[in-house]
$ cat entry.tsv   # TSV, C-alpha atoms
chain	number	residue	atom	x	y	z
S	246	MET	CA	121.16	-63.20	-23.13
S	247	HIS	CA	123.44	-65.97	-24.22
S	248	PHE	CA	125.81	-67.93	-22.00
S	249	GLU	CA	128.61	-69.90	-23.35
S	250	SER	CA	129.29	-73.47	-22.44
S	251	GLY	CA	131.21	-73.65	-19.23
S	252	GLY	CA	130.16	-70.17	-18.34
S	253	PRO	CA	128.20	-68.76	-15.39
S	254	ALA	CA	125.24	-71.17	-15.85
S	255	ARG	CA	127.44	-74.15	-15.24
S	256	ALA	CA	128.88	-72.52	-12.17
S	257	ILE	CA	125.40	-71.93	-10.75
S	258	ALA	CA	124.42	-75.57	-11.37
S	259	ILE	CA	127.54	-76.85	-9.65
S	260	ALA	CA	126.90	-74.53	-6.72
S	261	GLY	CA	123.30	-75.84	-6.47
S	262	LEU	CA	124.44	-79.43	-6.41
S	263	GLY	CA	126.92	-78.60	-3.70
S	264	LEU	CA	124.21	-76.98	-1.63
S	265	LEU	CA	121.91	-80.04	-1.95
S	266	SER	CA	124.76	-82.29	-0.97
S	267	CYS	CA	125.41	-80.28	2.17
S	268	CYS	CA	121.72	-80.23	3.11
S	269	GLY	CA	121.40	-83.99	2.62
S	270	SER	CA	124.34	-84.58	4.88
S	271	ALA	CA	122.81	-82.31	7.51
S	272	PHE	CA	119.48	-84.15	7.29
S	273	ALA	CA	121.24	-87.49	7.68
S	274	GLN	CA	123.05	-86.26	10.72
S	275	ALA	CA	119.80	-84.94	12.26
S	276	ALA	CA	117.85	-88.29	11.98
S	277	PRO	CA	116.75	-89.41	15.55
S	278	PRO	CA	118.18	-92.62	17.00
S	279	PRO	CA	115.87	-95.64	17.57
S	280	PRO	CA	113.86	-95.32	20.80
S	281	ALA	CA	115.25	-97.14	23.83
S	282	VAL	CA	113.07	-99.74	25.57
S	283	SER	CA	113.56	-102.20	28.40
S	284	VAL	CA	112.78	-105.83	27.68
S	285	ILE	CA	112.47	-109.05	29.63
S	286	PRO	CA	112.47	-112.63	28.32
S	287	VAL	CA	109.32	-114.71	28.68
S	288	ALA	CA	109.94	-117.01	31.62
S	289	SER	CA	108.64	-120.46	32.49
S	290	ARG	CA	108.06	-121.69	36.01
S	291	GLU	CA	105.98	-124.18	37.96
S	292	ILE	CA	102.48	-122.84	38.45
S	293	THR	CA	99.56	-124.44	40.25
S	294	ASP	CA	96.21	-123.98	38.52
S	295	THR	CA	93.76	-122.20	40.79
S	296	ALA	CA	90.11	-121.18	41.03
S	297	ASN	CA	88.99	-117.97	42.73
S	298	PHE	CA	85.95	-117.43	44.96
S	299	VAL	CA	84.64	-115.05	47.59
S	300	GLY	CA	84.43	-116.41	51.13
S	301	ARG	CA	83.18	-115.35	54.55
S	302	ILE	CA	85.15	-115.85	57.76
S	303	VAL	CA	83.23	-117.85	60.37
S	304	ALA	CA	84.20	-118.66	63.96
S	305	ILE	CA	84.39	-122.36	64.77
S	306	ASN	CA	82.73	-121.72	68.13
S	307	LYS	CA	80.38	-118.89	69.01
S	308	VAL	CA	78.59	-118.64	72.35
S	309	ASP	CA	76.06	-116.10	73.57
S	310	ILE	CA	76.46	-115.69	77.33
S	311	VAL	CA	73.06	-115.61	79.09
S	312	ALA	CA	71.92	-115.45	82.71
S	313	ARG	CA	70.32	-118.72	83.85
S	314	VAL	CA	68.85	-117.25	87.05
S	315	PRO	CA	67.30	-113.81	87.60
S	316	GLY	CA	69.12	-111.20	89.66
S	317	PHE	CA	71.13	-108.01	89.65
S	318	ILE	CA	74.62	-108.03	88.11
S	319	GLU	CA	77.01	-107.58	91.02
S	320	GLU	CA	80.39	-107.75	89.24
S	321	ARG	CA	81.89	-107.94	85.74
S	322	TYR	CA	85.31	-109.55	85.50
S	323	PHE	CA	86.45	-108.97	81.91
S	324	THR	CA	87.50	-106.18	79.58
S	325	GLU	CA	85.52	-106.00	76.38
S	326	GLY	CA	87.52	-107.43	73.48
S	327	GLN	CA	89.96	-109.45	75.61
S	328	GLN	CA	90.89	-113.09	75.18
S	329	VAL	CA	89.23	-115.41	77.70
S	330	LYS	CA	89.87	-119.02	78.61
S	331	THR	CA	87.43	-121.81	79.38
S	332	GLY	CA	86.31	-121.44	83.00
S	333	ASP	CA	87.20	-117.74	83.38
S	334	LEU	CA	84.70	-115.88	85.59
S	335	LEU	CA	82.80	-113.30	83.53
S	336	PHE	CA	79.83	-112.07	85.62
S	337	ARG	CA	78.56	-112.49	89.19
S	338	ILE	CA	74.86	-112.07	89.93
S	339	GLU	CA	73.85	-110.96	93.43
S	340	GLN	CA	74.12	-114.10	95.58
S	341	ALA	CA	72.43	-113.25	98.90
S	342	THR	CA	68.99	-114.58	97.94
S	343	TYR	CA	70.39	-117.80	96.49
S	344	LYS	CA	72.71	-118.32	99.44
S	345	ALA	CA	69.78	-118.03	101.84
S	346	ALA	CA	67.75	-120.49	99.75
S	347	LEU	CA	70.68	-122.90	99.79
S	348	GLU	CA	71.03	-122.72	103.57
S	349	GLN	CA	67.29	-123.22	103.99
S	350	GLN	CA	67.38	-126.37	101.89
S	351	GLN	CA	70.35	-127.64	103.85
S	352	ALA	CA	68.27	-127.24	107.02
S	353	ASN	CA	65.31	-129.00	105.40
S	354	VAL	CA	67.54	-131.95	104.52
S	355	ALA	CA	68.81	-132.15	108.10
S	356	LYS	CA	65.25	-132.01	109.44
S	357	ALA	CA	64.05	-134.68	107.01
S	358	LYS	CA	66.94	-136.96	107.95
S	359	ALA	CA	66.16	-136.53	111.66
S	360	THR	CA	62.53	-137.42	111.03
S	361	GLU	CA	63.61	-140.45	109.02
S	362	ALA	CA	65.95	-141.58	111.81
S	363	ASN	CA	63.15	-141.28	114.40
S	364	ALA	CA	60.73	-143.18	112.20
S	365	ALA	CA	63.28	-145.94	111.77
S	366	LEU	CA	63.72	-146.21	115.55
S	367	GLN	CA	59.96	-146.32	116.14
S	368	LEU	CA	59.65	-149.08	113.58
S	369	GLU	CA	62.37	-151.19	115.25
S	370	ARG	CA	60.71	-150.79	118.67
S	371	GLY	CA	57.35	-151.69	117.20
S	372	LYS	CA	58.79	-154.90	115.75
S	373	GLU	CA	60.11	-155.88	119.22
S	374	LEU	CA	56.81	-155.05	120.91
S	375	VAL	CA	54.69	-156.91	118.38
S	376	ARG	CA	56.70	-160.05	119.07
S	377	SER	CA	55.67	-159.80	122.76
S	378	GLN	CA	52.18	-158.85	121.64
S	379	ASN	CA	52.30	-155.52	123.47
S	380	ILE	CA	51.14	-153.61	120.35
S	381	PRO	CA	49.02	-154.73	117.44
S	382	GLN	CA	50.50	-155.50	114.02
S	383	ALA	CA	48.59	-152.57	112.55
S	384	THR	CA	50.69	-150.18	114.63
S	385	VAL	CA	53.87	-151.73	113.28
S	386	ASP	CA	52.55	-151.43	109.75
S	387	GLN	CA	51.78	-147.76	110.30
S	388	ARG	CA	55.28	-147.16	111.66
S	389	ALA	CA	56.75	-148.87	108.59
S	390	ALA	CA	54.71	-146.54	106.38
S	391	ASP	CA	55.86	-143.54	108.42
S	392	GLU	CA	59.47	-144.63	107.98
S	393	GLY	CA	58.99	-144.90	104.21
S	394	THR	CA	57.36	-141.48	104.08
S	395	ALA	CA	60.24	-139.99	106.08
S	396	HIS	CA	62.75	-141.52	103.67
S	397	ALA	CA	60.85	-140.05	100.72
S	398	ASP	CA	60.88	-136.65	102.42
S	399	VAL	CA	64.66	-136.90	102.69
S	400	LEU	CA	64.92	-137.55	98.96
S	401	VAL	CA	62.66	-134.56	98.21
S	402	ALA	CA	64.70	-132.32	100.52
S	403	GLN	CA	67.97	-133.50	98.92
S	404	ALA	CA	66.63	-132.76	95.43
S	405	ALA	CA	65.57	-129.29	96.53
S	406	LEU	CA	69.02	-128.80	98.04
S	407	GLU	CA	70.67	-129.87	94.78
S	408	GLN	CA	68.53	-127.38	92.85
S	409	ALA	CA	69.44	-124.65	95.33
S	410	LYS	CA	73.13	-125.46	94.80
S	411	ILE	CA	72.68	-125.28	91.03
S	412	ASN	CA	70.92	-121.92	91.26
S	413	PHE	CA	73.63	-120.61	93.56
S	414	ASP	CA	76.34	-121.78	91.14
S	415	TYR	CA	74.48	-120.06	88.27
S	416	THR	CA	75.07	-116.71	89.98
S	417	GLU	CA	78.66	-117.00	88.73
S	418	ILE	CA	78.84	-117.05	84.93
S	419	HIS	CA	82.00	-118.62	83.48
S	420	SER	CA	83.31	-118.80	79.93
S	421	PRO	CA	82.43	-122.12	78.27
S	422	ILE	CA	85.09	-121.78	75.52
S	423	ASP	CA	88.42	-120.18	74.70
S	424	GLY	CA	87.97	-117.08	72.54
S	425	ARG	CA	87.55	-113.36	72.36
S	426	ILE	CA	84.67	-111.71	74.20
S	427	GLY	CA	82.75	-108.80	72.68
S	428	LEU	CA	80.77	-105.90	74.10
S	429	ALA	CA	78.90	-106.31	77.37
S	430	ASN	CA	75.21	-105.70	76.72
S	431	PHE	CA	74.46	-105.08	80.41
S	432	THR	CA	76.45	-103.18	83.03
S	433	VAL	CA	76.75	-103.74	86.78
S	434	GLY	CA	73.48	-103.07	88.61
S	435	ASN	CA	71.14	-104.22	85.83
S	436	LEU	CA	68.49	-106.83	86.52
S	437	VAL	CA	68.96	-109.77	84.18
S	438	GLY	CA	67.48	-113.22	83.74
S	439	PRO	CA	66.94	-116.02	81.23
S	440	SER	CA	64.68	-113.77	79.13
S	441	SER	CA	67.17	-110.87	79.02
S	442	GLY	CA	69.04	-112.22	76.01
S	443	SER	CA	72.79	-112.22	75.52
S	444	LEU	CA	74.96	-110.56	78.17
S	445	ALA	CA	77.99	-110.83	75.84
S	446	THR	CA	79.23	-112.99	72.95
S	447	ILE	CA	82.40	-115.07	72.79
S	448	VAL	CA	83.87	-116.24	69.48
S	449	SER	CA	86.81	-118.57	69.06
S	450	GLN	CA	89.77	-117.15	67.12
S	451	ASP	CA	92.29	-119.86	66.41
S	452	PRO	CA	91.71	-121.90	64.30
S	453	ILE	CA	88.96	-120.34	62.20
S	454	TYR	CA	86.75	-121.28	59.24
S	455	VAL	CA	86.33	-119.71	55.80
S	456	ILE	CA	83.17	-120.75	53.92
S	457	PHE	CA	82.73	-120.10	50.19
S	458	GLN	CA	80.31	-121.13	47.46
S	459	ALA	CA	81.56	-123.29	44.56
S	460	SER	CA	79.61	-124.02	41.40
S	461	GLU	CA	78.43	-127.53	40.56
S	462	ARG	CA	80.93	-127.52	37.68
S	463	ASP	CA	83.80	-126.77	40.07
S	464	VAL	CA	82.70	-129.54	42.42
S	465	LEU	CA	82.39	-132.09	39.60
S	466	GLU	CA	85.81	-131.14	38.23
S	467	TYR	CA	87.28	-131.54	41.71
S	468	LYS	CA	85.69	-134.98	42.20
S	469	HIS	CA	86.87	-136.19	38.78
S	470	ARG	CA	90.41	-135.02	39.53
S	471	ILE	CA	90.44	-136.71	42.94
S	472	THR	CA	89.24	-139.94	41.36
S	473	ALA	CA	91.83	-139.78	38.56
S	474	GLU	CA	94.68	-139.07	41.00
S	475	GLY	CA	93.55	-141.73	43.45
S	476	ASP	CA	93.65	-139.24	46.31
S	477	LYS	CA	91.78	-140.82	49.21
S	478	ASN	CA	92.32	-137.77	51.40
S	479	GLY	CA	90.20	-135.49	49.24
S	480	HIS	CA	91.28	-132.25	50.92
S	481	VAL	CA	92.58	-129.33	48.88
S	482	VAL	CA	94.92	-126.47	49.79
S	483	VAL	CA	93.14	-123.11	50.09
S	484	ARG	CA	94.69	-119.65	50.25
S	485	ILE	CA	93.01	-116.33	50.93
S	486	LYS	CA	93.56	-112.70	49.99
S	487	LEU	CA	92.91	-110.12	52.71
S	488	PRO	CA	90.78	-106.99	52.12
S	489	ASP	CA	93.94	-104.87	51.73
S	490	GLY	CA	95.01	-107.01	48.76
S	491	SER	CA	97.79	-108.88	50.57
S	492	MET	CA	97.92	-112.66	50.73
S	493	TYR	CA	97.33	-114.31	54.10
S	494	PRO	CA	100.64	-116.06	54.88
S	495	LEU	CA	99.20	-119.33	56.25
S	496	PRO	CA	97.43	-121.81	53.95
S	497	GLY	CA	94.22	-123.55	54.91
S	498	LEU	CA	92.79	-126.98	54.17
S	499	SER	CA	89.27	-127.83	53.06
S	500	ASN	CA	87.46	-130.04	55.54
S	501	PHE	CA	83.79	-130.02	54.52
S	502	LEU	CA	81.70	-130.11	51.34
S	503	ASP	CA	77.98	-129.50	51.80
S	504	ILE	CA	75.64	-132.43	51.13
S	505	GLN	CA	73.26	-130.51	48.86
S	506	VAL	CA	73.20	-127.79	46.22
S	507	GLY	CA	71.59	-124.43	47.03
S	508	THR	CA	68.31	-124.23	45.11
S	509	THR	CA	68.57	-120.47	44.55
S	510	THR	CA	72.28	-120.23	43.71
S	511	ASP	CA	73.13	-123.66	42.22
S	512	THR	CA	76.26	-123.67	44.34
S	513	VAL	CA	77.70	-125.90	47.04
S	514	ALA	CA	79.11	-124.58	50.30
S	515	VAL	CA	82.77	-125.48	50.91
S	516	ARG	CA	84.49	-124.95	54.25
S	517	ALA	CA	88.21	-124.62	54.93
S	518	GLN	CA	90.04	-124.34	58.23
S	519	PHE	CA	92.87	-121.83	58.76
S	520	PRO	CA	95.29	-121.21	61.63
S	521	ASN	CA	94.79	-117.72	63.03
S	522	PRO	CA	97.42	-117.20	65.74
S	523	GLN	CA	97.59	-113.40	65.31
S	524	GLY	CA	93.84	-112.85	64.98
S	525	LEU	CA	94.11	-111.30	61.50
S	526	LEU	CA	91.00	-113.17	60.36
S	527	VAL	CA	87.94	-111.65	62.03
S	528	PRO	CA	84.63	-113.57	61.99
S	529	GLY	CA	82.05	-112.10	59.64
S	530	GLY	CA	84.54	-110.56	57.21
S	531	PHE	CA	84.85	-111.27	53.48
S	532	VAL	CA	88.06	-112.52	51.83
S	533	GLY	CA	89.18	-113.65	48.39
S	534	VAL	CA	89.59	-117.43	48.21
S	535	THR	CA	92.01	-119.24	45.92
S	536	VAL	CA	91.77	-123.03	45.61
S	537	GLU	CA	94.68	-124.99	44.19
S	538	ARG	CA	93.76	-127.40	41.39
S	539	GLY	CA	96.10	-130.36	41.29
S	540	ALA	CA	99.90	-130.53	41.13
S	541	PRO	CA	102.01	-127.63	39.81
S	542	LYS	CA	103.10	-127.64	36.13
S	543	GLN	CA	105.34	-125.52	33.91
S	544	GLN	CA	103.65	-122.43	32.48
S	545	LEU	CA	104.78	-119.19	30.82
S	546	VAL	CA	104.61	-115.99	32.86
S	547	VAL	CA	105.18	-112.32	32.04
S	548	PRO	CA	104.96	-109.16	34.17
S	549	GLN	CA	101.43	-107.80	34.39
S	550	SER	CA	102.80	-104.36	33.44
S	551	ALA	CA	103.77	-105.71	30.01
S	552	VAL	CA	100.25	-106.83	29.12
S	553	GLN	CA	98.09	-104.22	27.37
S	554	ILE	CA	94.44	-104.39	26.40
S	555	ASP	CA	92.36	-102.89	23.62
S	556	GLN	CA	89.05	-103.65	21.96
S	557	ALA	CA	90.48	-106.81	20.40
S	558	GLY	CA	91.79	-108.19	23.70
S	559	HIS	CA	95.14	-108.60	25.42
S	560	TYR	CA	98.48	-108.07	23.70
S	561	VAL	CA	102.17	-107.55	24.39
S	562	LEU	CA	104.91	-105.85	22.35
S	563	VAL	CA	107.66	-108.25	21.28
S	564	VAL	CA	111.13	-107.26	20.03
S	565	ASP	CA	112.21	-109.70	17.29
S	566	ASP	CA	115.70	-110.65	16.10
S	567	ALA	CA	115.74	-107.63	13.73
S	568	LYS	CA	115.13	-105.28	16.70
S	569	LYS	CA	111.66	-104.50	15.35
S	570	VAL	CA	108.53	-104.18	17.49
S	571	GLU	CA	105.77	-106.73	16.92
S	572	LEU	CA	102.27	-106.60	18.42
S	573	ARG	CA	101.43	-110.08	19.67
S	574	ARG	CA	97.96	-111.15	20.78
S	575	VAL	CA	98.03	-113.33	23.90
S	576	THR	CA	95.66	-115.38	26.03
S	577	THR	CA	96.14	-114.79	29.74
S	578	GLY	CA	95.53	-116.99	32.74
S	579	PRO	CA	95.50	-116.39	36.51
S	580	GLU	CA	97.62	-113.74	38.19
S	581	GLN	CA	100.75	-114.83	40.04
S	582	GLY	CA	101.70	-111.88	42.23
S	583	PRO	CA	103.25	-109.22	39.93
S	584	ASP	CA	103.18	-111.67	37.00
S	585	ILE	CA	100.41	-113.23	34.95
S	586	VAL	CA	100.21	-116.60	33.23
S	587	VAL	CA	100.14	-116.60	29.40
S	588	THR	CA	98.52	-119.70	27.94
S	589	ALA	CA	98.85	-118.81	24.23
S	590	GLY	CA	100.65	-116.34	21.95
S	591	LEU	CA	104.22	-116.44	23.28
S	592	LYS	CA	107.24	-118.73	23.46
S	593	LYS	CA	109.76	-119.08	26.23
S	594	GLY	CA	112.70	-116.69	25.84
S	595	GLU	CA	111.00	-114.16	23.54
S	596	LEU	CA	111.74	-110.56	24.50
S	597	ILE	CA	108.77	-108.43	25.51
S	598	ILE	CA	108.81	-104.71	26.24
S	599	VAL	CA	108.16	-103.77	29.87
S	600	GLU	CA	109.33	-100.13	29.85
S	601	GLY	CA	108.90	-97.63	27.01
S	602	ILE	CA	105.71	-99.20	25.66
S	603	GLN	CA	104.03	-95.84	25.08
S	604	LYS	CA	106.77	-94.43	22.85
S	605	VAL	CA	106.99	-97.23	20.26
S	606	ARG	CA	104.73	-98.69	17.59
S	607	PRO	CA	104.63	-102.01	15.74
S	608	GLY	CA	107.25	-102.27	12.97
S	609	GLN	CA	109.54	-99.69	14.54
S	610	VAL	CA	113.21	-100.47	15.14
S	611	VAL	CA	114.21	-100.01	18.79
S	612	THR	CA	117.23	-100.22	21.02
S	613	ALA	CA	116.45	-102.94	23.57
S	614	THR	CA	118.21	-103.29	26.90
S	615	PRO	CA	117.44	-105.78	29.70
S	616	ALA	CA	115.11	-104.39	32.35
S	617	SER	CA	116.66	-103.68	35.73
S	618	GLY	CA	116.86	-106.76	37.90
S	619	ASN	CA	117.09	-109.12	34.90
$ encode --input "entry.tsv" --output "structure tokens"
Amino acid sequence: MHFESGGPARAIAIAGLGLLSCCGSAFAQAAPPPPAVSVIPVASREITDTANFVGRIVAINKVDIVARVPGFIEERYFTEGQQVKTGDLLFRIEQATYKAALEQQQANVAKAKATEANAALQLERGKELVRSQNIPQATVDQRAADEGTAHADVLVAQAALEQAKINFDYTEIHSPIDGRIGLANFTVGNLVGPSSGSLATIVSQDPIYVIFQASERDVLEYKHRITAEGDKNGHVVVRIKLPDGSMYPLPGLSNFLDIQVGTTTDTVAVRAQFPNPQGLLVPGGFVGVTVERGAPKQQLVVPQSAVQIDQAGHYVLVVDDAKKVELRRVTTGPEQGPDIVVTAGLKKGELIIVEGIQKVRPGQVVTATPASGN
């Protein structure tokens, strides 16, 4: 079949071109918009370099209450777990036996003093009689010896009386320190004595110690820094993280560096003192310890949520001036609350993606808007 120029074949071709043109327009209209992401500029702020350790909370004072004389517990005057003050009465041991012994020794002292007084009188009379030669000198000498013996008996009786007073006083057991008292190991009616062990334990609460182990390298670095800065004080600020992950609000101050290195751990014990007015720090517990290293200095920080990790290390997604996504490898430092220090890989003011990370890829054009709160 033959078609003439300008005939039906040309009409079909023109119709086909029109169809392609319409489809191309439809495809262009259907292209998805660039994905939307939230960005935040890399910030710079003063950061203090820190070192992290694990520490144990230790009471400054700890006393085991023991009975110093044997006897039955007659009364207990505290509630387990309460705060006690120095001098507070804790226990009373049955006193009848010790009171009787005290009264007996008081009587012995009175008797010894009476004997001494009589011996002194006999000696004075003997001295008068020997001058008139009514008694021999030997009798006077014997009376002098008797007077000395009577005086010695008084001293013995007084010492026994003092011991009886001490034993009687020991029947009342008082708190030797301010602190919190624990469980009572013996109840009223139990027979206790010096060999019974601890009746209860008191630990001081405020202030309190935290002891942690630092490596020799950390200690040397600290000493070099102190020498370079000319700091004669030598104490460093210490902060701790509680077991629930929150930071303890009150800073502490180091006050002791052990005099020798542990032979099994190659570490040195460091002690810091913390105020503990609310009793949040409980002796025996573990806490995270952060030690400040020197004066604060300007460092770059980014939100921890923006930092990703893969087999090659840490990275963030940066939006450049052309609105394209760039994968940037970074070197991170210590955490600063919700942020983290970046020591290499970024510049101040660069925009990093904090929301929408999962829906973009490097090289892709995005629509970037500031993250809420920025």
$ residues_near_point --input "entry.tsv" --point "(108.5, -122.3, 33.7)" --cutoff "12 Å" --atoms "only C-alpha atoms" --output "short mmCIF file (atom, residue, chain, number, x, y, z; two decimals) with C-alpha atoms, in the coordinates of the input"
data_model
loop_
_atom_site.label_atom_id
_atom_site.label_comp_id
_atom_site.auth_asym_id
_atom_site.auth_seq_id
_atom_site.Cartn_x
_atom_site.Cartn_y
_atom_site.Cartn_z
CA PRO S 286 112.47 -112.63 28.32
CA VAL S 287 109.32 -114.71 28.68
CA ALA S 288 109.94 -117.01 31.62
CA SER S 289 108.64 -120.46 32.49
CA ARG S 290 108.06 -121.69 36.01
CA GLU S 291 105.98 -124.18 37.96
CA ILE S 292 102.48 -122.84 38.45
CA THR S 293 99.56 -124.44 40.25
CA PRO S 541 102.01 -127.63 39.81
CA LYS S 542 103.10 -127.64 36.13
CA GLN S 543 105.34 -125.52 33.91
CA GLN S 544 103.65 -122.43 32.48
CA LEU S 545 104.78 -119.19 30.82
CA VAL S 546 104.61 -115.99 32.86
CA VAL S 547 105.18 -112.32 32.04
CA VAL S 586 100.21 -116.60 33.23
CA VAL S 587 100.14 -116.60 29.40
CA THR S 588 98.52 -119.70 27.94
CA LYS S 592 107.24 -118.73 23.46
CA LYS S 593 109.76 -119.08 26.23
CA GLY S 594 112.70 -116.69 25.84
#
$ residues_around --input "entry.tsv" --residues "Ala364 of chain S" --least-positions-apart "3" --cutoff "9 Å" --atoms "only C-alpha atoms" --output "ChimeraX atom specification"
/S:359-361,367-369,388-389,391-396
$ closest_residue --input "entry.tsv" --among "S:Phe317, S:Tyr467, S:Phe336, S:Phe519" --to "Pro494 of chain S" --atoms "all atoms listed in the file"
S:Phe519
$ residues_around --input "entry.tsv" --residues "Asn521 of chain S" --least-positions-apart "4" --cutoff "7 Å" --atoms "only C-alpha atoms" --output "ChimeraX atom specification"
/S:450-453,525-526
$ write_last_selection --input "entry.tsv" --atoms "C-alpha atoms" --output "short mmCIF file (atom, residue, chain, number, x, y, z; two decimals), in the coordinates of the input"
data_model
loop_
_atom_site.label_atom_id
_atom_site.label_comp_id
_atom_site.auth_asym_id
_atom_site.auth_seq_id
_atom_site.Cartn_x
_atom_site.Cartn_y
_atom_site.Cartn_z
CA GLN S 450 89.77 -117.15 67.12
CA ASP S 451 92.29 -119.86 66.41
CA PRO S 452 91.71 -121.90 64.30
CA ILE S 453 88.96 -120.34 62.20
CA LEU S 525 94.11 -111.30 61.50
CA LEU S 526 91.00 -113.17 60.36
#
$ closest_residue --input "entry.tsv" --among "S:Gln553, S:Gln327, S:Asn379, S:Gln340" --to "Thr416 of chain S" --atoms "only C-alpha atoms"
S:Gln340
$ closest_residue --input "entry.tsv" --among "S:Ser377, S:Asn435, S:Ser283, S:Ser449" --to "Pro520 of chain S" --atoms "only C-alpha atoms"
S:Ser449
$ atom_distance --input "entry.tsv" --atom1 "atom CA of Val563 of chain S" --atom2 "atom CA of Ser617 of chain S"
17.6 Å
$ closest_residue --input "entry.tsv" --among "S:Ala551, S:Leu334, S:Ala281, S:Ile426" --to "Val308 of chain S" --atoms "only C-alpha atoms"
S:Ile426
